[in-house]
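The structure file run.txt is reproduced below (compact mmCIF, C-alpha atoms and all ligand atoms).
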# COMPACT_ATOMS: atom_id res chain seq x y z
CA MET A 22 26.96 -113.70 -116.60
CA SER A 23 24.53 -111.21 -118.10
CA LEU A 24 24.11 -107.61 -116.93
CA ASP A 25 21.65 -108.51 -114.19
CA ASN A 26 23.89 -111.37 -113.04
CA ARG A 27 21.81 -114.22 -114.39
CA PRO A 28 24.08 -117.00 -115.61
CA VAL A 29 24.23 -117.47 -119.38
CA TYR A 30 25.08 -120.73 -121.11
CA THR A 31 25.56 -121.36 -124.82
CA GLY A 32 25.94 -124.44 -126.94
CA GLY A 33 24.86 -126.20 -130.08
CA CYS A 34 25.30 -129.09 -132.44
CA GLN A 35 28.52 -130.37 -133.98
CA CYS A 36 28.04 -128.71 -137.39
CA GLY A 37 26.89 -125.33 -136.03
CA ALA A 38 23.52 -125.19 -137.83
CA VAL A 39 21.73 -125.18 -134.46
CA ARG A 40 22.84 -122.97 -131.55
CA PHE A 41 21.14 -122.25 -128.23
CA ARG A 42 21.39 -119.79 -125.37
CA VAL A 43 20.15 -120.42 -121.83
CA GLU A 44 19.74 -117.55 -119.39
CA GLY A 45 19.05 -118.36 -115.75
CA ALA A 46 19.80 -121.18 -113.38
CA LEU A 47 20.03 -124.70 -114.75
CA GLY A 48 17.96 -127.43 -113.09
CA ASP A 49 18.84 -131.02 -112.27
CA ALA A 50 21.72 -132.55 -114.24
CA SER A 51 21.48 -136.28 -114.76
CA VAL A 52 22.39 -139.21 -116.92
CA CYS A 53 19.64 -141.51 -118.18
CA HIS A 54 20.38 -145.15 -118.94
CA CYS A 55 16.89 -145.99 -120.24
CA ARG A 56 16.69 -147.76 -123.60
CA MET A 57 15.02 -144.77 -125.24
CA CYS A 58 17.82 -142.44 -124.21
CA GLN A 59 20.38 -144.98 -125.44
CA LYS A 60 18.77 -145.09 -128.87
CA ALA A 61 18.15 -141.33 -129.08
CA SER A 62 21.81 -140.60 -128.33
CA GLY A 63 23.36 -143.63 -130.04
CA ASN A 64 25.24 -144.00 -126.82
CA PHE A 65 25.47 -145.88 -123.54
CA TYR A 66 23.47 -143.22 -121.68
CA LEU A 67 22.26 -139.67 -122.23
CA PRO A 68 23.44 -136.79 -120.02
CA LEU A 69 20.71 -134.12 -119.73
CA VAL A 70 20.20 -130.91 -117.76
CA SER A 71 16.79 -129.37 -117.14
CA VAL A 72 16.29 -125.79 -118.36
CA ARG A 73 12.67 -125.59 -117.25
CA GLY A 74 13.44 -122.75 -114.82
CA ALA A 75 15.54 -120.77 -117.29
CA LYS A 76 15.01 -118.90 -120.56
CA LEU A 77 15.95 -120.99 -123.61
CA ASP A 78 16.45 -119.35 -127.01
CA TRP A 79 17.49 -120.99 -130.29
CA THR A 80 19.97 -118.43 -131.62
CA ARG A 81 20.73 -120.20 -134.93
CA GLY A 82 18.42 -122.69 -136.59
CA ALA A 83 16.23 -124.99 -134.52
CA PRO A 84 16.19 -128.69 -133.78
CA LYS A 85 14.20 -131.18 -135.79
CA ARG A 86 12.09 -133.25 -133.41
CA PHE A 87 11.12 -136.91 -133.17
CA ARG A 88 8.13 -137.87 -131.03
CA SER A 89 9.57 -140.81 -129.09
CA SER A 90 6.44 -141.46 -127.00
CA ASN A 91 3.02 -139.97 -126.33
CA ALA A 92 4.72 -137.83 -123.67
CA ALA A 93 8.04 -136.73 -125.13
CA TRP A 94 9.85 -135.30 -128.11
CA ARG A 95 13.56 -135.60 -128.87
CA GLY A 96 15.24 -132.68 -130.63
CA PHE A 97 18.35 -133.07 -132.79
CA CYS A 98 20.21 -131.24 -135.55
CA ALA A 99 18.72 -132.28 -138.89
CA ASP A 100 22.06 -131.56 -140.63
CA CYS A 101 24.56 -133.38 -138.42
CA GLY A 102 22.45 -135.47 -136.04
CA THR A 103 23.68 -134.16 -132.70
CA PRO A 104 21.08 -134.98 -130.01
CA LEU A 105 19.98 -131.71 -128.35
CA THR A 106 16.73 -131.92 -126.36
CA PHE A 107 14.38 -134.06 -124.35
CA GLU A 108 11.01 -132.32 -124.27
CA ALA A 109 8.35 -133.58 -121.85
CA PRO A 110 5.17 -132.02 -120.44
CA ASP A 111 7.10 -130.82 -117.37
CA GLY A 112 9.74 -128.98 -119.39
CA ILE A 113 12.77 -129.18 -121.66
CA ALA A 114 16.16 -130.69 -120.90
CA LEU A 115 19.26 -130.15 -123.04
CA ALA A 116 22.06 -132.60 -123.80
CA ILE A 117 24.91 -131.65 -121.47
CA ALA A 118 27.69 -132.45 -123.96
CA ALA A 119 26.16 -130.00 -126.48
CA PHE A 120 26.96 -127.08 -124.16
CA ASP A 121 30.09 -125.05 -125.01
CA HIS A 122 31.32 -125.66 -121.47
CA ALA A 123 29.97 -129.10 -120.67
CA GLU A 124 32.69 -129.45 -118.04
CA GLU A 125 30.74 -126.99 -115.84
CA ILE A 126 27.63 -129.17 -115.70
CA ALA A 127 28.25 -132.22 -113.56
CA PRO A 128 25.44 -134.77 -113.32
CA THR A 129 24.16 -135.50 -109.82
CA ILE A 130 21.83 -138.47 -110.38
CA GLN A 131 21.35 -141.49 -112.67
CA TRP A 132 17.93 -142.47 -114.04
CA GLY A 133 16.77 -145.54 -115.94
CA THR A 134 19.24 -147.81 -114.19
CA GLU A 135 17.14 -150.91 -115.04
CA ALA A 136 18.59 -150.64 -118.58
CA LYS A 137 22.15 -149.73 -117.63
CA LEU A 138 24.58 -151.56 -119.92
CA PRO A 139 26.70 -154.07 -117.99
CA TYR A 140 30.12 -152.57 -118.87
CA VAL A 141 29.31 -148.92 -118.26
CA ASP A 142 30.48 -148.94 -114.64
CA HIS A 143 33.88 -150.31 -115.71
CA ILE A 144 34.85 -147.96 -118.54
CA HIS A 145 37.10 -145.88 -116.27
CA GLU A 146 39.07 -149.08 -115.58
CA LEU A 147 40.00 -149.52 -119.27
CA PRO A 148 43.45 -148.59 -120.57
CA GLY A 149 43.43 -144.99 -121.84
CA GLU A 150 45.34 -143.10 -124.57
CA ASP A 151 45.06 -139.54 -125.85
CA THR A 152 43.98 -138.88 -129.46
CA MET A 153 47.46 -138.34 -130.86
CA ALA A 154 48.81 -141.53 -129.31
CA ASP A 155 47.60 -143.29 -132.45
CA VAL A 156 49.21 -140.88 -134.95
CA SER A 157 51.68 -143.45 -136.33
CA SER A 158 48.94 -145.85 -137.43
CA SER A 159 46.49 -143.07 -138.36
CA SER A 160 48.67 -140.56 -140.20
CA TYR A 161 45.65 -138.42 -141.19
CA LEU A 162 45.54 -137.19 -137.60
CA ALA A 163 48.68 -135.10 -138.14
CA ASP A 164 46.99 -133.04 -140.90
CA LEU A 165 43.47 -133.09 -139.50
CA VAL A 166 41.29 -130.05 -140.28
CA THR A 167 38.21 -129.87 -138.09
CA TYR A 168 34.87 -128.79 -139.52
CA GLN A 169 33.26 -128.88 -136.10
CA HIS A 170 31.72 -125.62 -134.87
CA PRO A 171 33.90 -124.09 -132.13
CA ASP A 172 32.73 -123.98 -128.50
CA HIS A 173 31.56 -120.35 -128.70
CA ASP A 174 29.04 -118.34 -130.72
CA THR A 175 30.13 -117.24 -134.21
CA ASP A 176 28.91 -114.37 -136.42
CA GLN A 177 29.23 -116.47 -139.53
CA TRP A 178 29.38 -120.23 -139.91
CA PRO A 179 30.88 -121.98 -141.74
CA PRO A 180 33.80 -119.53 -142.06
CA GLU A 181 33.93 -117.54 -145.30
CA GLU A 182 36.87 -119.47 -146.72
CA ARG A 183 34.87 -122.70 -146.48
CA SER A 184 31.35 -121.53 -147.35
ZN ZN A 201 24.35 -129.70 -136.75
ZN ZN A 202 15.87 -141.94 -120.58

Will you turn the file into structure tokens for me?
Amino acid sequence: MSLDNRPVYTGGCQCGAVRFRVEGALGDASVCHCRMCQKASGNFYLPLVSVRGAKLDWTRGAPKRFRSSNAAWRGFCADCGTPLTFEAPDGIALAIAAFDHAEEIAPTIQWGTEAKLPYVDHIHELPGEDTMADVSSSSYLADLVTYQHPDHDTDQWPPEERS
């Protein structure tokens, strides 16, 4: 929360070159199954939250943008590729998973269901393992050093010892 009690959200791309700050209430949170959102995210569907009623600032860097139709632009980090925005005439939406606390932003509706991939509704039925369950066959996991930007703002990135 900020001083005047408006909620504040932060987030950014995987490499940390692009960071954002949203002040104010978030709008609708959704997932979109349309074919354009699949391609733009390289994923089965794209979770987005509208920030049209809030104040959005790019606090480090800015997204590169691809014009995906005559109506919309898609913003992404030019350095690491993380999808970040969907920008249409009625406002901007941000990729939910790019937020530092994506767990706070639960989608409430699905769009583009005509293109929903046939297995998406069954993923939760698949067998599940945590990351380290595979450590015996993937020994690099035991010594893994992440270069991913942490889920909070940083004064300097990458850290001095790595820059
Ligand atoms: Zn990046
Ligand atoms: Zn879509």

Site check for ligand ZN 201 (chain A): residues at most 8 Å away, all atoms listed in the file, as a PyMOL selection string: chain A and resi 33-39+97-103

Keeping C-alpha atoms, export the residues of the selection given above as a PDB file, in the coordinates of the input.
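Output contents, as saved in selection-v2.pdb:
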ATOM      1  CA  GLY A  33      24.860-126.200-130.080  1.00  0.00           C
ATOM      2  CA  CYS A  34      25.300-129.090-132.440  1.00  0.00           C
ATOM      3  CA  GLN A  35      28.520-130.370-133.980  1.00  0.00           C
ATOM      4  CA  CYS A  36      28.040-128.710-137.390  1.00  0.00           C
ATOM      5  CA  GLY A  37      26.890-125.330-136.030  1.00  0.00           C
ATOM      6  CA  ALA A  38      23.520-125.190-137.830  1.00  0.00           C
ATOM      7  CA  VAL A  39      21.730-125.180-134.460  1.00  0.00           C
ATOM      8  CA  PHE A  97      18.350-133.070-132.790  1.00  0.00           C
ATOM      9  CA  CYS A  98      20.210-131.240-135.550  1.00  0.00           C
ATOM     10  CA  ALA A  99      18.720-132.280-138.890  1.00  0.00           C
ATOM     11  CA  ASP A 100      22.060-131.560-140.630  1.00  0.00           C
ATOM     12  CA  CYS A 101      24.560-133.380-138.420  1.00  0.00           C
ATOM     13  CA  GLY A 102      22.450-135.470-136.040  1.00  0.00           C
ATOM     14  CA  THR A 103      23.680-134.160-132.700  1.00  0.00           C
TER      15      THR A 103
END

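Using all atoms listed in the file, the nearest neighbour of Gln59 in chain A within the list A:Trp132, A:Tyr161, A:Tyr168, A:Phe120 is A:Trp132.
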
Polymer residues at most 7 Å from Cys53 in chain A, all atoms listed in the file, same-chain spacing of 2 or more positions, as a PyMOL selection string: chain A and resi 51+55+58+66-68+131-133

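Interatomic distance, CA of Ala118 in chain A against CA of Val52 in chain A: 11.1 Å.
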
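For the choices A:Tyr30, A:Phe41, A:Tyr140, A:Trp94, the atom-to-atom distance to ligand ZN 202 (chain A) is smallest for A:Trp94 when using only C-alpha atoms and all ligand atoms.
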
Between CA of Ile113 in chain A and CA of Ala61 in chain A, distance in Å (one decimal): 15.2 Å

Nearest-residue call for Arg56 in chain A, choices A:Glu124, A:Asp78, A:Glu135, A:Asp111, using only C-alpha atoms: A:Glu135

For range 30-34 of chain A, I'd like the enclosing box, axis-aligned and padded by 8 Å on every side, reported as JSON with centre and edge lengths in Å to one decimal.
{"center_x": 25.4, "center_y": -124.9, "center_z": -126.8, "size_x": 17.1, "size_y": 24.4, "size_z": 27.3}

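Nearest to Ala50 in chain A of all the residues A:Ser71, A:Ser157, A:Ser89, A:Thr175 is A:Ser71, counting all atoms listed in the file.
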
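Across the model, the gap from CA of Glu108 in chain A to CA of Ala93 in chain A is 5.4 Å.
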